[in-house]
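Q: First, the structure itself, so that you have it in front of you.
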Amino acid sequence: MITQYVENLPPGKTTPDFTRKPTAMTTQEGKKAFFKAVVTGEPAPTVTWARNKGETSDPEKYKTRYDEKTGEYILECQKCLFGRDFGVTDAVLNVTVDQADTYKCFATNAFGRAVCTATLNVIEVGFKKKKPGAPQNDPEDFRKLLKKTVIVKKRKEKPKKEGEIDPKFWEVLLSAQKKDYERICREFGVTNYRWMLKKLNIMKKEQEEEQAKVVENVENLKQIEVKTSGKAEFEIDMKVKDPNSKIFLYKDGEMLDYGDGTAKSSKHTMKKAGDKYTFSVNNVGPEDAGLYQVDVDDVNIFSTGLEIPDVEFNGMLKDAKVVEGQDATFECVLSGPVPKITWCANDASVESGDKYDITVSEDMLTHRLVVKNCQPGDKGIYTAIAGIKLSKASLNVKDDPNAHGKGQSGADDANSLAEEQARLQKERDEAGRRGQAKRDGFGGDGLSGDGSGQTGLGKDKMGRDGLEKEGAGDGSGRDGLGKDGLGKGGAGDGSRKDGLGKGGSGLDRSGITGLGRDGSGSDGTGKGGLAANGSGKDGLGGDGTGDAKHKKRIRDGPLVPDTITEPGVHFLSGLSDSTANIGESAELTCTLSSKDCVGIWYKDGKKLESKDGITIVKDGATYRLIIKNCKEENTGTYKFEADGRKSEAMLRIEDPPNINADALGKFSEPIIVKTGENAIFKLPFSGKEPMKVQWFKDGEELLHGPNAKIESSSTHSQLFLTKCQRKDTGEIKIKIKNEFATIEATSKLIVLDKPAPPQGPVEVVESSLSAIEFKWRPPKDDGGCPVTNYYLERQQLGRNTWTKIGDIPGQPTYRDTDIDRGRKYSYRIRAKNSEGISDMMETDDIAAGTLAFPGQPACPKVVSAFKDCINLSWLAPSNTGGGSIIGYNVEKRKKGSNLWSQVNPPDEPIREKKYAVKDVMEGGEYEFRVVAINTCGPGEPSGPSDCVFARDPKKPPGKVKDLKVTDSSYTTLCLAWTKPKAVNGEEDEAKGYFVEIRPTDQLEWNRCNASAVVQTSFTVVGLKSLAAYWMRVIATNEGGEGLPQGFDNYVIAMPPPVKPKFTDRKMKSFIVVKAGNTVRVNIRFEASPLPDITWLKDGVPVAKHVTITNSEKGSQLLIPSSEHSDTGIYTIIVKNMVGQDTFNVEIRVTDEPMPPGPVQLEQNVEGTVTLMWTPSPDEKRDDRLHYMVLKRDSVKRTWRTVADRLFNHKFTAANIMQGREYNFRVFAKNDMGLSEPSESPTWGTIKKKGKFVVNLPEPKILDFRSAPKFTVPLKLHAAPKGYECYMSCAVSGDPTPHVTWYRNNVSLNTNTNYYITNTCGVCSMLILMVGPKDTGEYRVVAENPLGKAECSTQLTVRE
C-alpha cells in the first residue's frame, strides 16, 4: 500500500515503491528465515522494519545496516547467513515458534510512504528419527517425549503481474529435459528463446550451488506422468549428505503429508530404494493437477508439473492385428485439444524413437502411435492416457508365413532362402526411404552396428535380455546375465529351462529349424543362432551387413516343435499372469481364432490332465484351466499350445495371513477386568512364514516390558497385560504381516474401577425460605460402569459434625427442604458405582433464604407485533432474592398514558420468560414492563419496553433503483437513486436509506450516515483524491434493512470524465499584431480529469520566449514583444484519458506596408485603360499583401474604388469615356491597413464626333456542352491521428457532372462518417477524426452524358 502525502508531486520526485516485495515463507523451528525487498523513490526512502506481535529493535536479535556497494538495507541476526539476492533482507537465525508473525517493511520519504507485509510461518518440530543403534526407550517414556506438532502450510505464491513471466515457468524449466523446452515455452507464451536459454543457464548454476549444500548429486530426473494403474509417479536419484535431512513435498506451494506406501489410504507416498526416490499420487483426480516440488530442508531439488486436461475420448483405440515385420497403428480422437498424451505398452510408457513413432494432428485432437517392425514380443495391451482417462487396445502379431520352412529338402530351403533374401532387400529399401536411425558402434544395436545383434552392449548396456537380445546368448540362467540363457536364439539350450539358451542343437532341445536357412539342412542349429546366412541374422554375425531392425521372430518361454497345421490359427487373447491364495480356486483362460483346435496344457514343461483338482474345460474357442483348492506346489509357469501356437503365463500361489471368522469374532469382544487384574488377548491365525506380529494400544505399539508380555508362534499370538489400571482402558489392535499381505484385528480393554469424584462448580438452583436446591456435574470418569447413586453429607455452618443424608438416585441434583431460614450449609458429595465409592467433593457454604424480593428483570423486548397480538420476551433478574422465580406479571400502557394495567390474570403468573399479549387494539402504540415473582412475592417492575404499534409486521424494502453518480469532485461523490417500489406481501415501502463505502484495498464497509436519510440523494465527503471506492445504498424501514444495491465497478474520486471541449465561442482563429506589440491568446476549455496541454507553432513546440500559463479552466499564450518570425499557426492540444481537442490560431506579426512603385498607363482597347505598377518592397515578406486601385474623373471629382484585393501588378479600368480626364491611385494593403498611395499621371482623351455605324454579326448557335474535366486536382494528404482532414478539387463540365467519392474502390457518398459537398464545381470532403482505418487511396469520379473524368490521391495517417 502506498500513501502519497502531497496532491501534486514536484518534477523528478516520486513516492516510495517496492520493486521486489518480501515474500511469505514457511520454515522449521531452528532453521533460518529470510525476508527480501528492494525499494525505489526520489529522494531515497528510509527503510524500517516492524512486526505485529513484537519489536525488531532488540539489538541482541536484530541488527540493521546498509550496504553501499549493493544498495541493500538489511535487517539481520548477529550470526545469520545471508542469501545471494540483492535487496532488503530481514534474517532470523534459529527461529522459534514465537517468532512466527506478520512482518512489515516501511519505506518513507518526504512525499509518501509504502508498506508491504510478509508472513513467517514456523513449523514446530516434535521428535526426530534416532540414529541406528540408539537405545529404545520405554513406551511410557516415549509418551513424555511426544510434542504437539504444528503443521503450517506454505503460503501460495501471489499471482503474477501483467507482463511478468509466471514463476512456475522457471521452476518447471529447471527440471525439464531439453527436448521439452520448446513445448514449455509455448505453453507459457515465451518467444525469446535466446534470452530464455541465457537466463536458464545462470539459474541452473545458482540452483546447483544451492543443491550442493544438502545433496551430493542429483540425476535421472523423471517427470511426473499418469500410469495405467490410475496413479501418477515421478522419480529422482539423489544422494543426501545428511541422513537426518527432512524431505518435503509441495503442491502449488502447499506442503503435503506423504506416507511410505504401506498404508493404502495414503494419498501421497514416497518410496526409497538406495538413492532412488519414487513419489506417487494415488487415485489421481482433476484436483491433483499442479506443480509438484521436492525440497531437501529448505533447498528446492526438483519441480514437475502435472496437467490433467478435461477431455474425453471421442474415438477409442482399436485392436490391431499385423503380420510379423509390419507396422501397427493405434489412433485415438479426443474431445478437446491436448498437445501431448502418454502412451504405454504393457503398462510401460514409451517415447518416440526407433521403435515407436508418435504424432499429433495440427488441431491436437488426433493422436497416433505407430509400432514399427512388429515382433511377437511387441504384442500385448497398448494404452493411451489423456489426463485421467484411459483407452486400451490389444496388439496381436501373427507369424510371417515366409519365415518358416515348408519342406525337408535342400531345394525347398534354397527357395525359402531366396524368398527371404528378396523380402529382406525390399524391407531394407523401404527402411532407407523412411530414413534409418543411427546404428554405429555401441550406440544402439549390437556390438558393431547391425551385424551382431539388436540390443547388445549398446542400447541397454548389457542388454535387457542378456549380452544381446538376439546375439551370442543370454547368460547361464533366467536371472543371470540375461533373461533366458546365453541367447534367445543362441547355440544351445543347456540342460534346463534357464540354462545356456532356449534354442539348442536338436529339434526340441537344439532349436526350431535345424542348422539354419543357409546351413546344411532344413532344421539346423537354430533359427537365429550360429547360422542363417552367415552366423545368424541377429546373432554373433548375422549376414555381416544385416539390418537388425528387420529381425525374425524371437520366441519367449519354453519351446516345443513348431508344427502348424492351420496357418490362420492364432490367439485372440492369450494367457495372463495370475495370483491366487491357498485354498482358493485359480483359473487360466485363453481364446483362439478357431474352435476346432485341440489344445494341450503344460506346467513347467509337464503335460497336464483333468485330475487331482485340475479341470480342463473347452468352451468353443475358449480354453480354461481350473485349479481348485490351490496349494503352494501349484505355483509355476503354465503354457497352452494348440496347432503350433503357444501362450504362457505365471501362476503364483500366495499364503497371506488369515484369521478364522469365529476366532476374529471372539477376539473382537471387549475384555473387561477389574483394577489390578490381568488381561489376556489371544488370536490364532495362519499364513506363510515368516510373519511379523505387532500389538498396539490406542495406536501406540506395545513392546515387551514389565507390564506387557507378548508370545507369538507361527499359528497364534498372545498379549498378556499384568496389573491393569483404569488408564489402561483403550483399543487393542494386532497387526500380522508377511510377504503377501497385512491383516489387522481390533479388540477393546475395559478396566473397571471406582468412579472419579463429582465435578464442580456447584450451581445453586434455589435458595429460599423453604428449600435449598443445587446441582453438580457427573464424574469425569465413571470407572467403566454407570454411576448408580450419589452419597451426600451435610454440615451446618458453626457445627463440627456432618449429618448423613444418604444415597440419592443417580441424577446429579438435590433439593434439601430440612433447613432453617438464614442458616448456611455445606455438602459433601460422593459418586457410587458397582466397584465402589469415589472420593468426595465438598461444596461452598450455601445460605438458606430470608425474606427477599427479586430484582428487576431486564426490559422486555418485542419479538414480533401483529394487529391482534404482540409477542414479548425478557431475561430473568440477576437477583432472585435467594429463592426461585415462580413466575412473572406483564403490564401494559398506551403511549402517553401513566396508567399501567396487568395483562395476565392476577392469580396466574407467567411461568416462561415470554408472553403473547392479545389484549391490544389495531393501530395502537403500547409499552410493556415485567415484574418477577418469587416465594416472597413480586419484586420491582422492569423498565418499559420500546414503543410498538399493534399492526402486522412490515417486510424489508427491496433494492433501490437507478443508482447513479450525479456529480463528483476530488473529495466528494454525489449519489442519487430511485425509491424502490413496494410489492404486496414481499417488499414494503422504504422509509430511509443508508449509504456505505469501502476503499478497494479494504474488506470492511463503512456507513456514511449514522441515521437513515429520507431523501433519495446523498453526498459522500472526505474522500481521497483519485482514490477508488466501492459504493452501495441500502433501503430500510420498520421491517429491517433491504438488500444493498451497488455499482458494477468501483468509483474514482474525481470529477466526471469530460472530453476536452473549448467553451469560448468567440475565440479568434486569426490575430494580427503589429511588430513589437504583445501577443496574448486566452483559450477557455473544460475537461476532467485535468488534461495535458500542449502548444505547437507550425507543428513544432513553441519557442522559449513564448510563455504558457495553464489553469484548470484555461490556458494562455503570451509573447511579450512580437517579431515577424512569430508569425505562424499556433495549435493548442488539450488531452486527457477521455479524449482530446485541438484549436488553431493564426497569428500574423506585421507593419504598415510601403507604397508601390510608379504607376504607368496605357490603352490597348478603346474605352479602357491598363494600369501597371512596381510592387511594394513588403510583398516579399507578406504573403497577404495586396493592392487597391481608386479612380477619379474630371466630371465627378470624387475618388471611387474600382479594384481591391489585387495580388498582381496590373489592372484594366473600363468605362473610360472620351473627353474626360482620369486620375488613378494605387495603395498597398495588408492586415495592418493601407500604405501611402502611388499617383498615376493624368489620363485624358479628346472626343471625336463621327458617324455611328453598327455592324451586327450573323448569329451563330454555340454548343456550350463539355465533358467533365478536373481543373484543380486532388493533393496528397498526410494527417495526424485524431485530426481533421479536408480534401477538395474543382471540376467543370456541361451538363453538371455527377460526382462520386471512393476510398479503396468503396463508395463514400452514403457514408455518414464523411462530410461531402459539391458547390459550383468545387468538390470537397471532410473527415472529422482521422484514424488508421482511413489510410488508403481516395478517388473522385465525375460523370455526365459526354464523358467521365477521375482524380485520385493518397491519405497517410501519422501516429
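By convention here, the chains of the C-alpha cells are called A, B, ... in the order presented, each chain's residues are numbered starting at 1, and ligands are numbered starting at 1 in the order presented.
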Identify, on the basis of only C-alpha atoms, every residue whose closest approach to Val965 in chain A does not exceed 10 Å; exclude the query and any residue fewer than 3 positions from it along the same chain; express the result as a ChimeraX atom specification.

A: /A:962,968,973-977,1017-1019,1031,1047,1051,1056

Q: What lies within 7 Å of range 1069-1078 of chain A using only C-alpha atoms, ignoring chain neighbours under 3 positions off, as a list in words?

A: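 Close residues of range 1069-1078 of chain A: Ile1119, Pro1120, Ser1121, Ser1122, Glu1123, His1124, Asn1144, Val1145, Glu1146, Ile1147, Arg1148, Val1149, Thr1150, Asp1151 and Asp1231 of chain A.
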
Q: What is the distance between CA of Trp874 in chain A and CA of Tyr888 in chain A, in Å to one decimal?

A: 10.1 Å

Q: I'd like the neighbourhood of Gly836 in chain A as number ranges by chain, where a residue qualifies if any of its atoms comes within 10 Å (using only C-alpha atoms), though same-chain residues fewer than 5 positions away should be ignored.

A: A: 753-755, 783, 787, 831

Q: May I have the residues within 12 Å of Gly1321 in chain A as a ChimeraX atom specification, using only C-alpha atoms and disregarding those fewer than 6 positions away in the same chain?

A: /A:1268-1272,1288-1299,1342

Q: Output the selection as a JSON list (two decimals), in the first residue's frame - C-alpha atoms for each residue.

A:
```
[["chain", "number", "residue", "atom", "x", "y", "z"],
["A", 1268, "PRO", "CA", -16.16, 16.57, -67.21],
["A", 1269, "LYS", "CA", -12.68, 17.92, -66.57],
["A", 1270, "PHE", "CA", -10.78, 18.45, -63.31],
["A", 1271, "THR", "CA", -9.48, 21.98, -63.33],
["A", 1272, "VAL", "CA", -7.95, 21.62, -59.84],
["A", 1288, "SER", "CA", -11.04, 19.44, -52.31],
["A", 1289, "CYS", "CA", -10.85, 19.64, -56.06],
["A", 1290, "ALA", "CA", -12.57, 21.57, -58.90],
["A", 1291, "VAL", "CA", -14.39, 20.01, -61.82],
["A", 1292, "SER", "CA", -16.07, 21.56, -64.82],
["A", 1293, "GLY", "CA", -18.50, 20.20, -67.36],
["A", 1294, "ASP", "CA", -21.88, 20.83, -69.00],
["A", 1295, "PRO", "CA", -24.29, 19.33, -68.07],
["A", 1296, "THR", "CA", -23.18, 19.47, -64.45],
["A", 1297, "PRO", "CA", -21.39, 16.20, -63.81],
["A", 1298, "HIS", "CA", -22.36, 13.79, -61.02],
["A", 1299, "VAL", "CA", -19.50, 13.40, -58.53],
["A", 1342, "ALA", "CA", -17.17, 12.94, -62.30]]
```

Q: Measuring between only C-alpha atoms, which one of A:Ala580, A:Val397, A:Ile388, A:Val371 shows the shortest distance to Glu654 in chain A?

A: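 Result for the nearest residue to Glu654 in chain A: A:Ala580.
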
Q: Can you pull out every residue from range 838-1030 of chain A that DSSP, working from the backbone, puts in strand (DSSP E), and format the result as JSON, numbers by chain?

A: {"A": [841, 842, 846, 847, 861, 862, 863, 864, 865, 870, 871, 872, 873, 885, 886, 887, 888, 889, 890, 891, 892, 893, 894, 901, 902, 914, 915, 916, 917, 925, 926, 927, 928, 929, 930, 931, 932, 933, 934, 937, 938, 939, 940, 941, 948, 949, 961, 962, 963, 964, 965, 966, 967, 968, 973, 974, 975, 976, 977, 978, 992, 993, 994, 995, 996, 997, 998, 999, 1006, 1007, 1017, 1018, 1019, 1020, 1028, 1029, 1030]}

Q: Please produce a file of the residues just selected, as a PDB file, in the first residue's frame, where the atoms kept are C-alpha atoms.

A:
```pdb
ATOM      1  CA  MET A 841     -16.343 -33.230  46.550  1.00  0.00           C
ATOM      2  CA  GLU A 842     -17.208 -30.529  49.113  1.00  0.00           C
ATOM      3  CA  ILE A 846     -24.976 -22.209  50.710  1.00  0.00           C
ATOM      4  CA  ALA A 847     -27.270 -19.828  52.660  1.00  0.00           C
ATOM      5  CA  LYS A 861     -38.099  -6.949  24.063  1.00  0.00           C
ATOM      6  CA  VAL A 862     -40.681  -7.017  21.329  1.00  0.00           C
ATOM      7  CA  VAL A 863     -40.168 -10.227  19.388  1.00  0.00           C
ATOM      8  CA  SER A 864     -42.904  -9.600  16.859  1.00  0.00           C
ATOM      9  CA  ALA A 865     -46.003  -7.467  16.508  1.00  0.00           C
ATOM     10  CA  ILE A 870     -47.681  -8.603  20.375  1.00  0.00           C
ATOM     11  CA  ASN A 871     -45.059 -11.207  21.410  1.00  0.00           C
ATOM     12  CA  LEU A 872     -42.656 -10.289  24.206  1.00  0.00           C
ATOM     13  CA  SER A 873     -39.580 -11.913  25.736  1.00  0.00           C
ATOM     14  CA  ILE A 885     -38.623 -17.370  40.467  1.00  0.00           C
ATOM     15  CA  ILE A 886     -42.141 -18.809  40.357  1.00  0.00           C
ATOM     16  CA  GLY A 887     -43.476 -16.537  37.615  1.00  0.00           C
ATOM     17  CA  TYR A 888     -43.862 -13.075  36.093  1.00  0.00           C
ATOM     18  CA  ASN A 889     -46.581 -10.435  35.676  1.00  0.00           C
ATOM     19  CA  VAL A 890     -46.729  -8.409  32.462  1.00  0.00           C
ATOM     20  CA  GLU A 891     -48.163  -4.885  32.458  1.00  0.00           C
ATOM     21  CA  LYS A 892     -49.004  -2.545  29.567  1.00  0.00           C
ATOM     22  CA  ARG A 893     -49.911   1.056  28.910  1.00  0.00           C
ATOM     23  CA  LYS A 894     -50.663   3.174  25.895  1.00  0.00           C
ATOM     24  CA  SER A 901     -52.658  -2.389  33.644  1.00  0.00           C
ATOM     25  CA  GLN A 902     -51.791  -6.049  34.193  1.00  0.00           C
ATOM     26  CA  LYS A 914     -42.151 -14.925  27.084  1.00  0.00           C
ATOM     27  CA  TYR A 915     -45.750 -13.970  26.580  1.00  0.00           C
ATOM     28  CA  ALA A 916     -48.161 -13.158  23.767  1.00  0.00           C
ATOM     29  CA  VAL A 917     -50.241 -10.047  24.603  1.00  0.00           C
ATOM     30  CA  GLU A 925     -48.978   2.132  20.301  1.00  0.00           C
ATOM     31  CA  TYR A 926     -48.023   0.354  23.541  1.00  0.00           C
ATOM     32  CA  GLU A 927     -45.261  -0.016  26.123  1.00  0.00           C
ATOM     33  CA  PHE A 928     -44.720  -3.060  28.359  1.00  0.00           C
ATOM     34  CA  ARG A 929     -42.918  -3.924  31.574  1.00  0.00           C
ATOM     35  CA  VAL A 930     -42.357  -7.146  33.575  1.00  0.00           C
ATOM     36  CA  VAL A 931     -42.482  -7.934  37.319  1.00  0.00           C
ATOM     37  CA  ALA A 932     -40.680 -11.019  38.700  1.00  0.00           C
ATOM     38  CA  ILE A 933     -42.329 -13.087  41.497  1.00  0.00           C
ATOM     39  CA  ASN A 934     -40.583 -15.445  43.973  1.00  0.00           C
ATOM     40  CA  GLY A 937     -43.723 -12.020  46.480  1.00  0.00           C
ATOM     41  CA  PRO A 938     -43.416  -9.707  43.478  1.00  0.00           C
ATOM     42  CA  GLY A 939     -40.385  -7.514  43.056  1.00  0.00           C
ATOM     43  CA  GLU A 940     -39.776  -4.190  41.348  1.00  0.00           C
ATOM     44  CA  PRO A 941     -41.045  -3.799  37.782  1.00  0.00           C
ATOM     45  CA  VAL A 948     -44.584  -0.774  19.411  1.00  0.00           C
ATOM     46  CA  PHE A 949     -47.630  -0.494  17.148  1.00  0.00           C
ATOM     47  CA  LYS A 961     -33.384   1.583  -8.439  1.00  0.00           C
ATOM     48  CA  ASP A 962     -31.324   3.597 -10.897  1.00  0.00           C
ATOM     49  CA  LEU A 963     -28.343   4.176  -8.620  1.00  0.00           C
ATOM     50  CA  LYS A 964     -26.010   6.657 -10.281  1.00  0.00           C
ATOM     51  CA  VAL A 965     -23.322   9.241  -9.604  1.00  0.00           C
ATOM     52  CA  THR A 966     -24.760  12.661 -10.371  1.00  0.00           C
ATOM     53  CA  ASP A 967     -21.700  14.712  -9.565  1.00  0.00           C
ATOM     54  CA  SER A 968     -18.206  14.225  -8.262  1.00  0.00           C
ATOM     55  CA  LEU A 973     -19.263  11.946  -4.648  1.00  0.00           C
ATOM     56  CA  CYS A 974     -22.943  12.776  -5.149  1.00  0.00           C
ATOM     57  CA  LEU A 975     -25.265   9.785  -5.409  1.00  0.00           C
ATOM     58  CA  ALA A 976     -28.889   9.641  -6.489  1.00  0.00           C
ATOM     59  CA  TRP A 977     -31.327   6.805  -6.799  1.00  0.00           C
ATOM     60  CA  THR A 978     -34.996   5.958  -7.208  1.00  0.00           C
ATOM     61  CA  GLY A 992     -34.912   5.720   4.779  1.00  0.00           C
ATOM     62  CA  TYR A 993     -31.573   4.900   3.260  1.00  0.00           C
ATOM     63  CA  PHE A 994     -28.047   4.112   4.376  1.00  0.00           C
ATOM     64  CA  VAL A 995     -25.019   4.786   2.202  1.00  0.00           C
ATOM     65  CA  GLU A 996     -21.948   2.579   2.664  1.00  0.00           C
ATOM     66  CA  ILE A 997     -18.484   2.969   1.212  1.00  0.00           C
ATOM     67  CA  ARG A 998     -15.444   0.692   1.006  1.00  0.00           C
ATOM     68  CA  PRO A 999     -11.990   1.515  -0.384  1.00  0.00           C
ATOM     69  CA  ASN A1006     -18.133   1.876   6.390  1.00  0.00           C
ATOM     70  CA  ARG A1007     -21.535   3.506   6.827  1.00  0.00           C
ATOM     71  CA  SER A1017     -29.721  11.520  -2.766  1.00  0.00           C
ATOM     72  CA  PHE A1018     -26.607  11.768  -0.685  1.00  0.00           C
ATOM     73  CA  THR A1019     -23.199  13.412  -0.900  1.00  0.00           C
ATOM     74  CA  VAL A1020     -20.216  11.442   0.385  1.00  0.00           C
ATOM     75  CA  ALA A1028     -11.082   4.145  -5.859  1.00  0.00           C
ATOM     76  CA  TYR A1029     -14.153   3.218  -3.780  1.00  0.00           C
ATOM     77  CA  TRP A1030     -16.963   0.701  -3.856  1.00  0.00           C
TER      78      TRP A1030
END
```

Q: For Lys168 in chain A, list every protein, DNA or RNA residue within 10 Å, evaluated using only C-alpha atoms, and leave out those in the same chain fewer than 5 positions away; present the list as a list of chain:residue names.

A: A:Glu157, A:Lys160, A:Leu173, A:Leu174, A:Phe188, A:Asp252, A:Gly290, A:Leu291, A:Ser303, A:Thr304, A:Gly305

Q: What is the distance between CA of Pro944 in chain A and CA of Asp988 in chain A, in Å to one decimal?

A: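 Result for CA of Pro944 in chain A versus CA of Asp988 in chain A: 28.3 Å, one decimal.
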
Q: Run DSSP on the backbone and tell me which residues of range 644-763 of chain A come out as alpha helix (DSSP H); list them as JSON, numbers by chain.

A: {"A": [661, 662, 663, 664, 665, 666, 667, 668]}

Q: May I have the residues from that selection written out with C-alpha atoms, as a tab-separated table (two decimals), in the first residue's frame?

A:
```tsv
chain	number	residue	atom	x	y	z
A	661	ALA	CA	-14.07	-65.78	11.37
A	662	ASP	CA	-15.08	-67.36	14.69
A	663	ALA	CA	-11.73	-66.53	16.25
A	664	LEU	CA	-11.97	-62.98	14.96
A	665	GLY	CA	-15.47	-62.55	16.37
A	666	LYS	CA	-14.34	-63.84	19.74
A	667	PHE	CA	-11.25	-61.62	19.69
A	668	SER	CA	-13.34	-58.53	18.87
```

Q: Name the closest residue to Val323 in chain A among the candidates A:Asp378, A:Glu908, A:Glu206, A:Glu669; distances are taken between atoms, counting only C-alpha atoms.

A: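 Distance minimum relative to Val323 in chain A lands on A:Asp378.
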
Q: Quick one: everything within 10 Å of Leu721 in chain A, counting only C-alpha atoms, minus sequence neighbours fewer than 5 positions away in the same chain. Send it as a PyMOL selection string.

A: chain A and resi 677-681+705-710+728

Q: Pull N, CA and C atoms from the residues just selected and write them as a short mmCIF file (atom, residue, chain, number, x, y, z; two decimals), in the first residue's frame.

A:
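result.cif written:
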```
data_model
loop_
_atom_site.label_atom_id
_atom_site.label_comp_id
_atom_site.auth_asym_id
_atom_site.auth_seq_id
_atom_site.Cartn_x
_atom_site.Cartn_y
_atom_site.Cartn_z
N GLU A 677 -6.20 -56.59 38.08
CA GLU A 677 -6.26 -57.91 37.46
C GLU A 677 -5.47 -57.92 36.15
N ASN A 678 -5.29 -59.14 35.64
CA ASN A 678 -4.55 -59.32 34.41
C ASN A 678 -5.52 -59.49 33.24
N ALA A 679 -5.07 -59.10 32.05
CA ALA A 679 -5.88 -59.24 30.84
C ALA A 679 -5.07 -60.01 29.80
N ILE A 680 -5.74 -60.95 29.14
CA ILE A 680 -5.07 -61.79 28.14
C ILE A 680 -5.83 -61.66 26.82
N PHE A 681 -5.10 -61.37 25.76
CA PHE A 681 -5.64 -61.34 24.40
C PHE A 681 -4.91 -62.41 23.61
N GLY A 705 7.70 -55.71 27.99
CA GLY A 705 8.13 -54.95 29.15
C GLY A 705 7.56 -55.54 30.42
N PRO A 706 7.70 -54.78 31.54
CA PRO A 706 7.25 -55.31 32.83
C PRO A 706 5.76 -55.60 32.87
N ASN A 707 4.96 -54.72 32.25
CA ASN A 707 3.51 -54.87 32.32
C ASN A 707 2.91 -55.46 31.06
N ALA A 708 3.72 -55.74 30.07
CA ALA A 708 3.20 -56.28 28.82
C ALA A 708 4.14 -57.39 28.34
N LYS A 709 3.56 -58.56 28.10
CA LYS A 709 4.33 -59.68 27.60
C LYS A 709 3.66 -60.21 26.33
N ILE A 710 4.47 -60.46 25.31
CA ILE A 710 3.96 -60.90 24.02
C ILE A 710 4.57 -62.25 23.69
N ASP A 728 -5.37 -47.94 31.58
CA ASP A 728 -5.04 -48.86 30.51
C ASP A 728 -6.24 -49.16 29.61
#
```

Q: Measuring between only C-alpha atoms, which one of A:Glu632, A:Arg1184, A:Lys1191, A:Gln1140 shows the shortest distance to Ala1228 in chain A?

A: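 Residue with the minimum atom-to-atom distance to Ala1228 in chain A: A:Arg1184.
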
Q: Would you pick out the contacts of Lys611 in chain A at 12 Å or less, using only C-alpha atoms, so that residues sharing its chain but fewer than 5 positions from it are not included, and give the list as a PyMOL selection string?

A: chain A and resi 616+625-628

Q: Let me see the file: selected residues, all heavy atoms, as a PDB file, in the first residue's frame.

A:
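Generated output (out.pdb):
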```
ATOM      1  N   ILE A 616      -9.776 -79.236 -16.944  1.00  0.00           N
ATOM      2  CA  ILE A 616      -9.538 -78.592 -18.235  1.00  0.00           C
ATOM      3  C   ILE A 616     -10.868 -78.496 -18.957  1.00  0.00           C
ATOM      4  O   ILE A 616     -11.564 -79.506 -19.144  1.00  0.00           O
ATOM      5  CB  ILE A 616      -8.519 -79.391 -19.065  1.00  0.00           C
ATOM      6  CG1 ILE A 616      -7.157 -79.417 -18.340  1.00  0.00           C
ATOM      7  CG2 ILE A 616      -8.368 -78.781 -20.459  1.00  0.00           C
ATOM      8  CD1 ILE A 616      -6.122 -80.272 -19.039  1.00  0.00           C
ATOM      9  N   LEU A 625      -8.237 -73.555 -17.751  1.00  0.00           N
ATOM     10  CA  LEU A 625      -7.590 -74.483 -16.818  1.00  0.00           C
ATOM     11  C   LEU A 625      -7.982 -74.019 -15.420  1.00  0.00           C
ATOM     12  O   LEU A 625      -7.635 -72.915 -15.000  1.00  0.00           O
ATOM     13  CB  LEU A 625      -6.072 -74.458 -16.980  1.00  0.00           C
ATOM     14  CG  LEU A 625      -5.286 -75.318 -15.970  1.00  0.00           C
ATOM     15  CD1 LEU A 625      -5.573 -76.801 -16.209  1.00  0.00           C
ATOM     16  CD2 LEU A 625      -3.791 -75.036 -16.074  1.00  0.00           C
ATOM     17  N   ILE A 626      -8.744 -74.854 -14.694  1.00  0.00           N
ATOM     18  CA  ILE A 626      -9.265 -74.511 -13.378  1.00  0.00           C
ATOM     19  C   ILE A 626      -8.568 -75.369 -12.338  1.00  0.00           C
ATOM     20  O   ILE A 626      -8.552 -76.611 -12.449  1.00  0.00           O
ATOM     21  CB  ILE A 626     -10.796 -74.711 -13.309  1.00  0.00           C
ATOM     22  CG1 ILE A 626     -11.481 -73.864 -14.399  1.00  0.00           C
ATOM     23  CG2 ILE A 626     -11.323 -74.341 -11.938  1.00  0.00           C
ATOM     24  CD1 ILE A 626     -12.967 -74.122 -14.508  1.00  0.00           C
ATOM     25  N   ILE A 627      -7.986 -74.709 -11.350  1.00  0.00           N
ATOM     26  CA  ILE A 627      -7.301 -75.408 -10.269  1.00  0.00           C
ATOM     27  C   ILE A 627      -8.077 -75.105  -8.990  1.00  0.00           C
ATOM     28  O   ILE A 627      -8.166 -73.946  -8.558  1.00  0.00           O
ATOM     29  CB  ILE A 627      -5.844 -74.941 -10.130  1.00  0.00           C
ATOM     30  CG1 ILE A 627      -5.107 -75.125 -11.453  1.00  0.00           C
ATOM     31  CG2 ILE A 627      -5.140 -75.677  -9.006  1.00  0.00           C
ATOM     32  CD1 ILE A 627      -3.703 -74.550 -11.442  1.00  0.00           C
ATOM     33  N   LYS A 628      -8.634 -76.124  -8.390  1.00  0.00           N
ATOM     34  CA  LYS A 628      -9.418 -75.968  -7.165  1.00  0.00           C
ATOM     35  C   LYS A 628      -8.548 -76.232  -5.949  1.00  0.00           C
ATOM     36  O   LYS A 628      -7.631 -77.045  -5.989  1.00  0.00           O
ATOM     37  CB  LYS A 628     -10.609 -76.926  -7.178  1.00  0.00           C
ATOM     38  CG  LYS A 628     -11.596 -76.669  -8.314  1.00  0.00           C
ATOM     39  CD  LYS A 628     -12.773 -77.635  -8.251  1.00  0.00           C
ATOM     40  CE  LYS A 628     -13.756 -77.370  -9.391  1.00  0.00           C
ATOM     41  NZ  LYS A 628     -14.907 -78.322  -9.357  1.00  0.00           N
TER      42      LYS A 628
END
```

Q: What does the distance from CA of Val1189 in chain A to CA of Pro1237 in chain A come to in Å, to one decimal?

A: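 For CA of Val1189 in chain A relative to CA of Pro1237 in chain A, the distance reads 9.2 Å.
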